[in-house]
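Source file: my_file38.pdb. Holds: PDB, C-alpha atoms and all ligand atoms.
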```pdb
MODEL        1
ATOM      1  CA  MET A   2     -94.928 -30.503   2.748
ATOM      2  CA  LYS A   3     -92.641 -33.427   2.024
ATOM      3  CA  LYS A   4     -90.616 -34.901   4.823
ATOM      4  CA  HIS A   5     -87.238 -33.157   4.877
ATOM      5  CA  ASN A   6     -85.241 -36.281   4.191
ATOM      6  CA  GLU A   7     -86.977 -36.911   0.862
ATOM      7  CA  MET A   8     -86.039 -33.525  -0.562
ATOM      8  CA  LYS A   9     -83.703 -33.565  -3.558
ATOM      9  CA  LEU A  10     -80.796 -31.190  -3.003
ATOM     10  CA  ASP A  11     -78.012 -29.363  -4.832
ATOM     11  CA  LEU A  12     -75.625 -27.555  -2.509
ATOM     12  CA  HIS A  13     -73.106 -26.304  -5.068
ATOM     13  CA  ILE A  14     -74.409 -23.897  -7.706
ATOM     14  CA  HIS A  15     -72.720 -20.880  -9.323
ATOM     15  CA  SER A  16     -74.573 -17.777 -10.504
ATOM     16  CA  CYS A  17     -73.829 -14.630 -12.517
ATOM     17  CA  PHE A  18     -72.126 -13.267  -9.365
ATOM     18  CA  SER A  19     -69.102 -15.442 -10.170
ATOM     19  CA  ASP A  20     -68.563 -17.696 -13.193
ATOM     20  CA  GLY A  21     -72.027 -19.234 -13.505
ATOM     21  CA  GLY A  22     -72.787 -17.537 -16.824
ATOM     22  CA  GLU A  23     -74.224 -14.058 -17.290
ATOM     23  CA  GLU A  24     -77.813 -15.169 -17.805
ATOM     24  CA  TRP A  25     -77.818 -17.333 -14.666
ATOM     25  CA  ASP A  26     -79.290 -14.933 -12.135
ATOM     26  CA  TYR A  27     -81.080 -16.176  -9.016
ATOM     27  CA  ALA A  28     -84.474 -16.204 -10.760
ATOM     28  CA  LYS A  29     -83.219 -18.532 -13.493
ATOM     29  CA  ILE A  30     -81.482 -20.799 -10.964
ATOM     30  CA  VAL A  31     -84.621 -21.143  -8.817
ATOM     31  CA  ASN A  32     -86.740 -21.794 -11.937
ATOM     32  CA  GLU A  33     -84.344 -24.498 -13.023
ATOM     33  CA  ALA A  34     -84.390 -26.045  -9.519
ATOM     34  CA  VAL A  35     -88.188 -26.182  -9.647
ATOM     35  CA  LYS A  36     -88.057 -27.710 -13.136
ATOM     36  CA  ASN A  37     -85.649 -30.405 -11.950
ATOM     37  CA  SER A  38     -87.605 -31.065  -8.698
ATOM     38  CA  VAL A  39     -84.761 -29.793  -6.508
ATOM     39  CA  GLU A  40     -86.128 -28.513  -3.214
ATOM     40  CA  LEU A  41     -82.979 -27.528  -1.349
ATOM     41  CA  ILE A  42     -80.290 -25.439  -3.029
ATOM     42  CA  SER A  43     -77.214 -23.455  -2.133
ATOM     43  CA  ILE A  44     -75.742 -20.764  -4.381
ATOM     44  CA  THR A  45     -72.029 -20.977  -3.691
ATOM     45  CA  ASP A  46     -70.302 -18.350  -5.784
ATOM     46  CA  HIS A  47     -66.536 -18.012  -5.671
ATOM     47  CA  ASP A  48     -65.710 -15.801  -2.686
ATOM     48  CA  VAL A  49     -69.090 -14.064  -2.905
ATOM     49  CA  ALA A  50     -71.737 -14.680  -0.231
ATOM     50  CA  THR A  51     -75.326 -15.571  -1.164
ATOM     51  CA  ASP A  52     -77.519 -12.463  -1.364
ATOM     52  CA  VAL A  53     -80.104 -13.714   1.136
ATOM     53  CA  ILE A  54     -82.722 -11.007   0.552
ATOM     54  CA  LEU A  55     -82.620 -11.582  -3.199
ATOM     55  CA  LEU A  56     -82.708 -15.365  -2.960
ATOM     56  CA  LYS A  57     -85.593 -15.302  -0.454
ATOM     57  CA  LYS A  58     -87.535 -13.155  -2.883
ATOM     58  CA  HIS A  59     -87.112 -15.670  -5.688
ATOM     59  CA  CYS A  60     -87.721 -18.767  -3.539
ATOM     60  CA  MET A  61     -90.954 -17.446  -2.033
ATOM     61  CA  GLY A  62     -93.890 -19.594  -3.065
ATOM     62  CA  THR A  63     -91.789 -22.042  -5.116
ATOM     63  CA  GLY A  64     -91.195 -24.710  -2.453
ATOM     64  CA  VAL A  65     -87.437 -24.252  -2.831
ATOM     65  CA  SER A  66     -85.482 -23.868   0.426
ATOM     66  CA  PHE A  67     -81.860 -22.883   0.684
ATOM     67  CA  LEU A  68     -78.626 -22.784   2.643
ATOM     68  CA  THR A  69     -76.564 -19.603   2.401
ATOM     69  CA  GLY A  70     -73.043 -20.184   1.168
ATOM     70  CA  ALA A  71     -69.930 -19.343  -0.803
ATOM     71  CA  GLU A  72     -67.011 -21.298  -2.255
ATOM     72  CA  PHE A  73     -63.677 -20.048  -0.917
ATOM     73  CA  SER A  74     -60.386 -20.512  -2.735
ATOM     74  CA  SER A  75     -57.305 -21.739  -0.880
ATOM     75  CA  MET A  76     -53.848 -22.984  -1.860
ATOM     76  CA  LEU A  77     -51.349 -25.360  -0.291
ATOM     77  CA  ASN A  78     -48.073 -26.615  -1.800
ATOM     78  CA  GLY A  79     -49.144 -25.700  -5.323
ATOM     79  CA  ASN A  80     -52.491 -27.477  -4.979
ATOM     80  CA  SER A  81     -55.729 -25.569  -5.146
ATOM     81  CA  HIS A  82     -58.457 -26.545  -2.649
ATOM     82  CA  ASP A  83     -61.924 -25.002  -2.716
ATOM     83  CA  ILE A  84     -63.813 -24.901   0.545
ATOM     84  CA  LEU A  85     -67.580 -24.450   0.683
ATOM     85  CA  GLY A  86     -68.735 -22.356   3.617
ATOM     86  CA  TYR A  87     -72.394 -22.699   4.605
ATOM     87  CA  GLY A  88     -74.535 -20.637   6.949
ATOM     88  CA  PHE A  89     -71.881 -18.101   7.958
ATOM     89  CA  ASP A  90     -72.547 -14.535   9.096
ATOM     90  CA  TRP A  91     -71.822 -12.494   5.944
ATOM     91  CA  HIS A  92     -71.400  -9.318   8.020
ATOM     92  CA  ASN A  93     -68.458 -10.811   9.913
ATOM     93  CA  ASP A  94     -65.286  -8.706   9.447
ATOM     94  CA  ALA A  95     -62.931 -11.661   8.977
ATOM     95  CA  ILE A  96     -65.134 -13.221   6.288
ATOM     96  CA  ILE A  97     -65.528  -9.896   4.440
ATOM     97  CA  LYS A  98     -61.741  -9.437   4.493
ATOM     98  CA  LEU A  99     -61.194 -12.970   3.165
ATOM     99  CA  MET A 100     -63.726 -12.533   0.354
ATOM    100  CA  ASP A 101     -62.313  -9.141  -0.647
ATOM    101  CA  SER A 102     -58.759 -10.390  -0.775
ATOM    102  CA  ASN A 103     -59.667 -13.564  -2.708
ATOM    103  CA  LEU A 104     -61.652 -11.507  -5.233
ATOM    104  CA  ILE A 105     -58.549  -9.403  -5.912
ATOM    105  CA  HIS A 106     -56.377 -12.529  -6.357
ATOM    106  CA  GLN A 107     -58.970 -13.986  -8.714
ATOM    107  CA  ALA A 108     -59.211 -10.905 -10.913
ATOM    108  CA  VAL A 109     -55.417 -10.580 -11.082
ATOM    109  CA  SER A 110     -54.878 -14.225 -12.012
ATOM    110  CA  TYR A 111     -57.653 -14.088 -14.612
ATOM    111  CA  ASN A 112     -56.075 -11.076 -16.274
ATOM    112  CA  GLN A 113     -52.644 -12.773 -16.194
ATOM    113  CA  LYS A 114     -54.133 -15.892 -17.736
ATOM    114  CA  GLU A 115     -55.594 -13.922 -20.628
ATOM    115  CA  ASP A 116     -52.284 -12.107 -21.178
ATOM    116  CA  PHE A 117     -50.672 -15.512 -21.559
ATOM    117  CA  TRP A 118     -53.389 -16.694 -23.943
ATOM    118  CA  ILE A 119     -52.779 -13.654 -26.141
ATOM    119  CA  GLU A 120     -49.044 -14.462 -26.153
ATOM    120  CA  LEU A 121     -49.877 -17.978 -27.333
ATOM    121  CA  LEU A 122     -52.089 -16.645 -30.120
ATOM    122  CA  ILE A 123     -49.309 -14.281 -31.236
ATOM    123  CA  GLU A 124     -46.880 -17.233 -31.258
ATOM    124  CA  ALA A 125     -49.411 -19.186 -33.313
ATOM    125  CA  GLY A 126     -49.229 -16.439 -35.957
ATOM    126  CA  TYR A 127     -52.247 -14.274 -35.234
ATOM    127  CA  LEU A 128     -51.625 -10.607 -35.939
ATOM    128  CA  ILE A 129     -52.233  -9.089 -32.535
ATOM    129  CA  ASP A 130     -50.655  -5.881 -31.302
ATOM    130  CA  TRP A 131     -49.585  -6.437 -27.683
ATOM    131  CA  LYS A 132     -49.883  -2.769 -26.804
ATOM    132  CA  GLU A 133     -53.379  -2.592 -28.245
ATOM    133  CA  TRP A 134     -54.308  -5.612 -26.106
ATOM    134  CA  THR A 135     -52.996  -4.077 -22.895
ATOM    135  CA  MET A 136     -54.760  -0.790 -23.639
ATOM    136  CA  PHE A 137     -58.083  -2.531 -24.333
ATOM    137  CA  GLU A 138     -60.722  -1.787 -21.699
ATOM    138  CA  GLY A 139     -62.536  -4.534 -19.841
ATOM    139  CA  GLY A 140     -61.509  -7.784 -18.234
ATOM    140  CA  ALA A 141     -61.737  -9.164 -14.724
ATOM    141  CA  LYS A 142     -62.365  -6.783 -11.812
ATOM    142  CA  PRO A 143     -62.378  -7.664  -8.094
ATOM    143  CA  SER A 144     -66.136  -7.322  -7.615
ATOM    144  CA  PRO A 145     -68.999  -9.866  -7.580
ATOM    145  CA  GLY A 146     -70.022 -10.728 -11.124
ATOM    146  CA  ASN A 147     -66.887  -9.177 -12.607
ATOM    147  CA  GLN A 148     -64.076 -11.284 -11.198
ATOM    148  CA  PHE A 149     -64.111 -13.719 -14.131
ATOM    149  CA  LYS A 150     -64.996 -11.407 -17.004
ATOM    150  CA  LEU A 151     -63.351 -12.350 -20.309
ATOM    151  CA  LYS A 152     -61.646  -9.515 -22.110
ATOM    152  CA  ILE A 153     -60.084 -11.709 -24.795
ATOM    153  CA  LEU A 154     -63.395 -12.489 -26.477
ATOM    154  CA  SER A 155     -64.525  -8.907 -27.074
ATOM    155  CA  PHE A 156     -60.993  -7.898 -28.103
ATOM    156  CA  LEU A 157     -60.653 -10.644 -30.712
ATOM    157  CA  ILE A 158     -64.123  -9.954 -32.093
ATOM    158  CA  GLN A 159     -63.413  -6.231 -32.332
ATOM    159  CA  LYS A 160     -60.130  -6.928 -34.134
ATOM    160  CA  GLY A 161     -61.911  -9.236 -36.582
ATOM    161  CA  ILE A 162     -59.789 -12.199 -35.484
ATOM    162  CA  CYS A 163     -62.863 -14.181 -34.563
ATOM    163  CA  ARG A 164     -66.533 -13.855 -35.479
ATOM    164  CA  ASP A 165     -68.353 -14.554 -32.252
ATOM    165  CA  ARG A 166     -68.271 -16.545 -29.024
ATOM    166  CA  GLU A 167     -68.848 -19.855 -30.807
ATOM    167  CA  ASP A 168     -66.116 -19.199 -33.329
ATOM    168  CA  TYR A 169     -63.731 -18.280 -30.500
ATOM    169  CA  PHE A 170     -64.380 -21.492 -28.562
ATOM    170  CA  ASP A 171     -64.208 -23.641 -31.724
ATOM    171  CA  ARG A 172     -61.069 -22.245 -33.257
ATOM    172  CA  LEU A 173     -59.016 -20.168 -30.821
ATOM    173  CA  TYR A 174     -59.714 -21.533 -27.353
ATOM    174  CA  PRO A 175     -58.119 -24.946 -28.148
ATOM    175  CA  ILE A 176     -54.811 -23.147 -28.848
ATOM    176  CA  THR A 177     -54.811 -21.746 -25.320
ATOM    177  CA  SER A 178     -56.610 -24.469 -23.350
ATOM    178  CA  GLY A 179     -54.650 -26.553 -20.884
ATOM    179  CA  THR A 180     -52.764 -23.424 -19.863
ATOM    180  CA  PRO A 181     -55.079 -21.977 -17.264
ATOM    181  CA  PHE A 182     -52.633 -20.100 -15.035
ATOM    182  CA  THR A 183     -49.231 -18.582 -15.737
ATOM    183  CA  LYS A 184     -48.737 -18.004 -12.044
ATOM    184  CA  LEU A 185     -50.893 -19.655  -9.428
ATOM    185  CA  PRO A 186     -52.974 -17.149  -7.496
ATOM    186  CA  THR A 187     -51.822 -16.566  -3.933
ATOM    187  CA  PHE A 188     -54.900 -17.740  -2.113
ATOM    188  CA  PRO A 189     -54.641 -18.359   1.651
ATOM    189  CA  HIS A 190     -53.751 -21.649   3.360
ATOM    190  CA  PRO A 191     -56.847 -23.886   3.774
ATOM    191  CA  SER A 192     -56.485 -23.782   7.573
ATOM    192  CA  GLU A 193     -56.946 -19.997   7.421
ATOM    193  CA  VAL A 194     -60.113 -20.332   5.310
ATOM    194  CA  ILE A 195     -61.530 -23.030   7.626
ATOM    195  CA  LYS A 196     -60.771 -20.860  10.664
ATOM    196  CA  VAL A 197     -62.461 -17.782   9.183
ATOM    197  CA  ILE A 198     -65.619 -19.702   8.149
ATOM    198  CA  LYS A 199     -65.895 -21.143  11.675
ATOM    199  CA  THR A 200     -65.228 -17.741  13.276
ATOM    200  CA  ALA A 201     -68.172 -16.389  11.267
ATOM    201  CA  GLY A 202     -70.386 -19.190  12.603
ATOM    202  CA  GLY A 203     -70.329 -21.194   9.356
ATOM    203  CA  ILE A 204     -69.682 -24.825   8.455
ATOM    204  CA  PRO A 205     -66.660 -25.556   6.211
ATOM    205  CA  VAL A 206     -67.080 -28.423   3.709
ATOM    206  CA  LEU A 207     -64.377 -29.508   1.259
ATOM    207  CA  ALA A 208     -65.553 -29.104  -2.359
ATOM    208  CA  HIS A 209     -64.452 -31.593  -5.041
ATOM    209  CA  PRO A 210     -61.763 -33.556  -3.123
ATOM    210  CA  VAL A 211     -60.672 -34.691  -6.615
ATOM    211  CA  TRP A 212     -60.153 -32.123  -9.371
ATOM    212  CA  ARG A 213     -57.593 -31.009 -11.924
ATOM    213  CA  TYR A 214     -55.785 -28.400  -9.820
ATOM    214  CA  ASN A 215     -55.146 -30.756  -6.894
ATOM    215  CA  LYS A 216     -52.451 -33.342  -7.618
ATOM    216  CA  LEU A 217     -52.730 -35.158  -4.260
ATOM    217  CA  PRO A 218     -54.257 -38.645  -4.241
ATOM    218  CA  LEU A 219     -57.819 -38.667  -2.888
ATOM    219  CA  THR A 220     -57.001 -40.394   0.407
ATOM    220  CA  ASP A 221     -54.166 -37.921   1.110
ATOM    221  CA  THR A 222     -56.532 -35.025   0.482
ATOM    222  CA  LEU A 223     -59.142 -36.495   2.823
ATOM    223  CA  ASP A 224     -56.548 -37.130   5.574
ATOM    224  CA  LEU A 225     -55.127 -33.631   5.153
ATOM    225  CA  PHE A 226     -58.529 -31.977   5.540
ATOM    226  CA  LYS A 227     -59.472 -34.148   8.490
ATOM    227  CA  ASP A 228     -56.294 -32.903  10.206
ATOM    228  CA  LEU A 229     -57.256 -29.332   9.246
ATOM    229  CA  GLU A 230     -60.582 -29.921  11.030
ATOM    230  CA  ILE A 231     -62.900 -29.631   8.072
ATOM    231  CA  GLU A 232     -66.496 -30.434   9.050
ATOM    232  CA  GLY A 233     -67.714 -32.090   5.882
ATOM    233  CA  ILE A 234     -66.871 -33.430   2.408
ATOM    234  CA  GLU A 235     -68.743 -33.006  -0.888
ATOM    235  CA  CYS A 236     -69.118 -36.735  -1.608
ATOM    236  CA  TYR A 237     -71.634 -36.654  -4.474
ATOM    237  CA  ARG A 238     -70.923 -34.595  -7.567
ATOM    238  CA  SER A 239     -72.017 -34.560 -11.159
ATOM    239  CA  ASP A 240     -68.420 -35.410 -12.194
ATOM    240  CA  PHE A 241     -67.735 -38.165  -9.606
ATOM    241  CA  ASN A 242     -68.075 -41.864 -10.327
ATOM    242  CA  ASN A 243     -69.536 -44.255  -7.749
ATOM    243  CA  GLU A 244     -66.140 -45.395  -6.547
ATOM    244  CA  THR A 245     -64.955 -41.869  -5.701
ATOM    245  CA  SER A 246     -68.233 -41.093  -3.944
ATOM    246  CA  ASN A 247     -68.004 -44.327  -1.944
ATOM    247  CA  VAL A 248     -64.439 -43.641  -0.782
ATOM    248  CA  CYS A 249     -65.498 -40.139   0.338
ATOM    249  CA  ARG A 250     -68.644 -41.415   2.002
ATOM    250  CA  GLN A 251     -66.836 -44.142   3.951
ATOM    251  CA  PHE A 252     -64.243 -41.628   5.090
ATOM    252  CA  CYS A 253     -66.983 -39.303   6.351
ATOM    253  CA  GLU A 254     -68.795 -42.133   8.118
ATOM    254  CA  SER A 255     -65.599 -43.282   9.870
ATOM    255  CA  ASN A 256     -64.715 -39.742  10.914
ATOM    256  CA  ASN A 257     -68.159 -38.391  11.720
ATOM    257  CA  LEU A 258     -68.119 -35.750   8.971
ATOM    258  CA  ILE A 259     -70.978 -34.081   7.110
ATOM    259  CA  ILE A 260     -71.780 -35.576   3.664
ATOM    260  CA  THR A 261     -73.041 -33.216   0.943
ATOM    261  CA  ALA A 262     -73.938 -33.321  -2.768
ATOM    262  CA  GLY A 263     -73.726 -30.727  -5.529
ATOM    263  CA  SER A 264     -73.707 -30.278  -9.275
ATOM    264  CA  ASP A 265     -71.138 -27.426  -9.400
ATOM    265  CA  HIS A 266     -73.395 -25.933 -12.067
ATOM    266  CA  HIS A 267     -71.621 -23.244 -14.111
ATOM    267  CA  GLY A 268     -74.282 -22.280 -16.638
ATOM    268  CA  THR A 269     -75.564 -23.874 -19.795
ATOM    269  CA  THR A 270     -72.149 -24.476 -21.380
ATOM    270  CA  ASN A 271     -71.853 -27.596 -19.228
ATOM    271  CA  ASP A 272     -74.983 -29.702 -19.632
ATOM    272  CA  ASP A 273     -73.678 -32.603 -17.563
ATOM    273  CA  LYS A 274     -73.476 -30.314 -14.531
ATOM    274  CA  LYS A 275     -77.122 -29.335 -14.604
ATOM    275  CA  ILE A 276     -78.847 -28.235 -11.412
ATOM    276  CA  GLY A 277     -79.898 -31.276  -9.393
ATOM    277  CA  SER A 278     -77.316 -33.593 -10.918
ATOM    278  CA  PRO A 279     -76.565 -36.104  -9.477
ATOM    279  CA  ALA A 280     -80.064 -36.768  -8.148
ATOM    280  CA  ILE A 281     -79.467 -37.066  -4.406
ATOM    281  CA  THR A 282     -81.895 -36.627  -1.512
ATOM    282  CA  ILE A 283     -81.201 -35.370   1.985
ATOM    283  CA  ASN A 284     -81.403 -38.866   3.466
ATOM    284  CA  GLU A 285     -78.642 -40.054   1.113
ATOM    285  CA  CYS A 286     -76.384 -37.361   2.597
ATOM    286  CA  ASN A 287     -75.597 -36.575   6.196
ATOM    287  CA  LEU A 288     -76.156 -32.852   6.607
ATOM    288  CA  GLY A 289     -75.700 -32.883  10.403
ATOM    289  CA  VAL A 290     -75.713 -29.358  11.813
ATOM    290  CA  LEU A 291     -76.412 -27.936   8.350
ATOM    291  CA  MET A 292     -80.031 -29.060   8.811
ATOM    292  CA  ASP A 293     -80.471 -26.303  11.416
ATOM    293  CA  LYS A 294     -79.245 -23.669   8.947
ATOM    294  CA  ILE A 295     -81.720 -24.361   6.148
ATOM    295  CA  ILE A 296     -83.915 -21.364   5.330
ATOM    296  CA  TYR A 297     -87.373 -22.692   4.464
ATOM    297  CA  TYR A 298     -89.894 -20.968   2.248
TER     298      TYR A 298
HETATM  299 ZN    ZN A 301     -67.733 -24.584  -7.628
ENDMDL
END
```
Rewrite the coordinates I just gave you, this time as structure tokens.
Ligand SMILES: [Zn+2]
Amino acid sequence: MKKHNEMKLDLHIHSCFSDGGEEWDYAKIVNEAVKNSVELISITDHDVATDVILLKKHCMGTGVSFLTGAEFSSMLNGNSHDILGYGFDWHNDAIIKLMDSNLIHQAVSYNQKEDFWIELLIEAGYLIDWKEWTMFEGGAKPSPGNQFKLKILSFLIQKGICRDREDYFDRLYPITSGTPFTKLPTFPHPSEVIKVIKTAGGIPVLAHPVWRYNKLPLTDTLDLFKDLEIEGIECYRSDFNNETSNVCRQFCESNNLIITAGSDHHGTTNDDKKIGSPAITINECNLGVLMDKIIYY
């Protein structure tokens, strides 16, 4: 077995249990990790804990080890902050309550978003009956694998307004893109999420300190989360340049915080976020107490 610190890792991967793409079940994720020589993974679905029994089954005999995890949504002053929780007890009452309530918020905001998209298509001249849309079955439901389900696609195909998925994304999606939320979902304050992860024995790590739904400058975000007693920062990401990673890394080194890396893989639609990208090994991170939580197979 390789020395731990030479293992390539990816601690931020989404599966079919959130918005990772329907075909991306654990088997496909582990296969892809093996293909890309990634030996330590974490499946961090939105407000859905890793199914440990299932993941163990797929990792067995592959040389892939894992950390259990989830990515929790939180909101503060109109900014959205996602917090990765690793190695928590998924039977803990507080964590179950947090996941359940976030799943409801997610499903509601997804449905609202699609309502707004339909309004935009009507404004753009498409002949859509609003009542027919609201009566149409399907759409996001507050349960793992269903919280991000698109209703708009099957509706528009059934109505003959678009041909298929490709046609939808080519022609209709651009009309609605850039308008992701009509009303921001009411996720909890980040301090609440951090507290619950710690209560359940987990390690909270700030995901993507820079991203489109957080308008704060990077250094303000880092200072804020240090004050909120976060334990680590995702410093290496497929969508970060060297400068951003360096600022994050230096901040972690000065404040004794855990340093992690992840692709934020969301299925094949986003090739630049493929599993194991960026190529980072354990010794280029600082996993600290997370090292004790790795489940080896
Ligand atoms: Zn993510």
I'd like the neighbourhood of Phe226 (chain A) as a PDB file with C-alpha atoms, in the coordinates of the input, where a residue qualifies if any of its atoms comes within 12 Å (using all atoms listed in the file), though same-chain residues fewer than 5 positions away should be ignored.
```pdb
ATOM      1  CA  LEU A  77     -51.349 -25.360  -0.291  1.00  0.00           C
ATOM      2  CA  HIS A  82     -58.457 -26.545  -2.649  1.00  0.00           C
ATOM      3  CA  ASP A  83     -61.924 -25.002  -2.716  1.00  0.00           C
ATOM      4  CA  ILE A  84     -63.813 -24.901   0.545  1.00  0.00           C
ATOM      5  CA  HIS A 190     -53.751 -21.649   3.360  1.00  0.00           C
ATOM      6  CA  PRO A 191     -56.847 -23.886   3.774  1.00  0.00           C
ATOM      7  CA  SER A 192     -56.485 -23.782   7.573  1.00  0.00           C
ATOM      8  CA  VAL A 194     -60.113 -20.332   5.310  1.00  0.00           C
ATOM      9  CA  ILE A 195     -61.530 -23.030   7.626  1.00  0.00           C
ATOM     10  CA  PRO A 205     -66.660 -25.556   6.211  1.00  0.00           C
ATOM     11  CA  VAL A 206     -67.080 -28.423   3.709  1.00  0.00           C
ATOM     12  CA  LEU A 207     -64.377 -29.508   1.259  1.00  0.00           C
ATOM     13  CA  ALA A 208     -65.553 -29.104  -2.359  1.00  0.00           C
ATOM     14  CA  PRO A 210     -61.763 -33.556  -3.123  1.00  0.00           C
ATOM     15  CA  LEU A 217     -52.730 -35.158  -4.260  1.00  0.00           C
ATOM     16  CA  LEU A 219     -57.819 -38.667  -2.888  1.00  0.00           C
ATOM     17  CA  THR A 220     -57.001 -40.394   0.407  1.00  0.00           C
ATOM     18  CA  ASP A 221     -54.166 -37.921   1.110  1.00  0.00           C
ATOM     19  CA  ILE A 231     -62.900 -29.631   8.072  1.00  0.00           C
ATOM     20  CA  GLU A 232     -66.496 -30.434   9.050  1.00  0.00           C
ATOM     21  CA  GLY A 233     -67.714 -32.090   5.882  1.00  0.00           C
ATOM     22  CA  ILE A 234     -66.871 -33.430   2.408  1.00  0.00           C
ATOM     23  CA  CYS A 249     -65.498 -40.139   0.338  1.00  0.00           C
ATOM     24  CA  PHE A 252     -64.243 -41.628   5.090  1.00  0.00           C
ATOM     25  CA  CYS A 253     -66.983 -39.303   6.351  1.00  0.00           C
ATOM     26  CA  ASN A 256     -64.715 -39.742  10.914  1.00  0.00           C
ATOM     27  CA  LEU A 258     -68.119 -35.750   8.971  1.00  0.00           C
TER      28      LEU A 258
END
```
What is the distance, in Å and to one decimal place, between CA of Lys114 (chain A) and CA of Phe241 (chain A)?
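CA of Phe241 (chain A) lies at a distance of 27.3 Å from CA of Lys114 (chain A).
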I need the output of the PyMOL selection byres (((not hetatm)) within 9 of (chain A and resi 301)) for this file as a list in words; which residues are they?
His13, Ile14, His15, Asp20, Thr45, Asp46, His47, Ala71, Glu72, Asp83, Leu85, Ala208, His209, Gly263, Ser264, Asp265, His266 and His267 of chain A
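Closest approach to Ile295 (chain A) among A:Tyr237, A:Ile283, A:Glu133, A:Glu115: A:Ile283, based on all atoms listed in the file.
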Give me the result of the PyMOL selection byres (((chain A and resi 53) around 12) and not hetatm) on this file, residue by residue, as a PyMOL selection string.
chain A and resi 27+43-45+49-52+54-61+66-71+88-92+295-296
Out of A:Ser278, A:Val109, A:Cys286, A:Asp171, which residue has the shortest atom-to-atom distance to Ser38 (chain A) when counting all atoms listed in the file?
A:Ser278
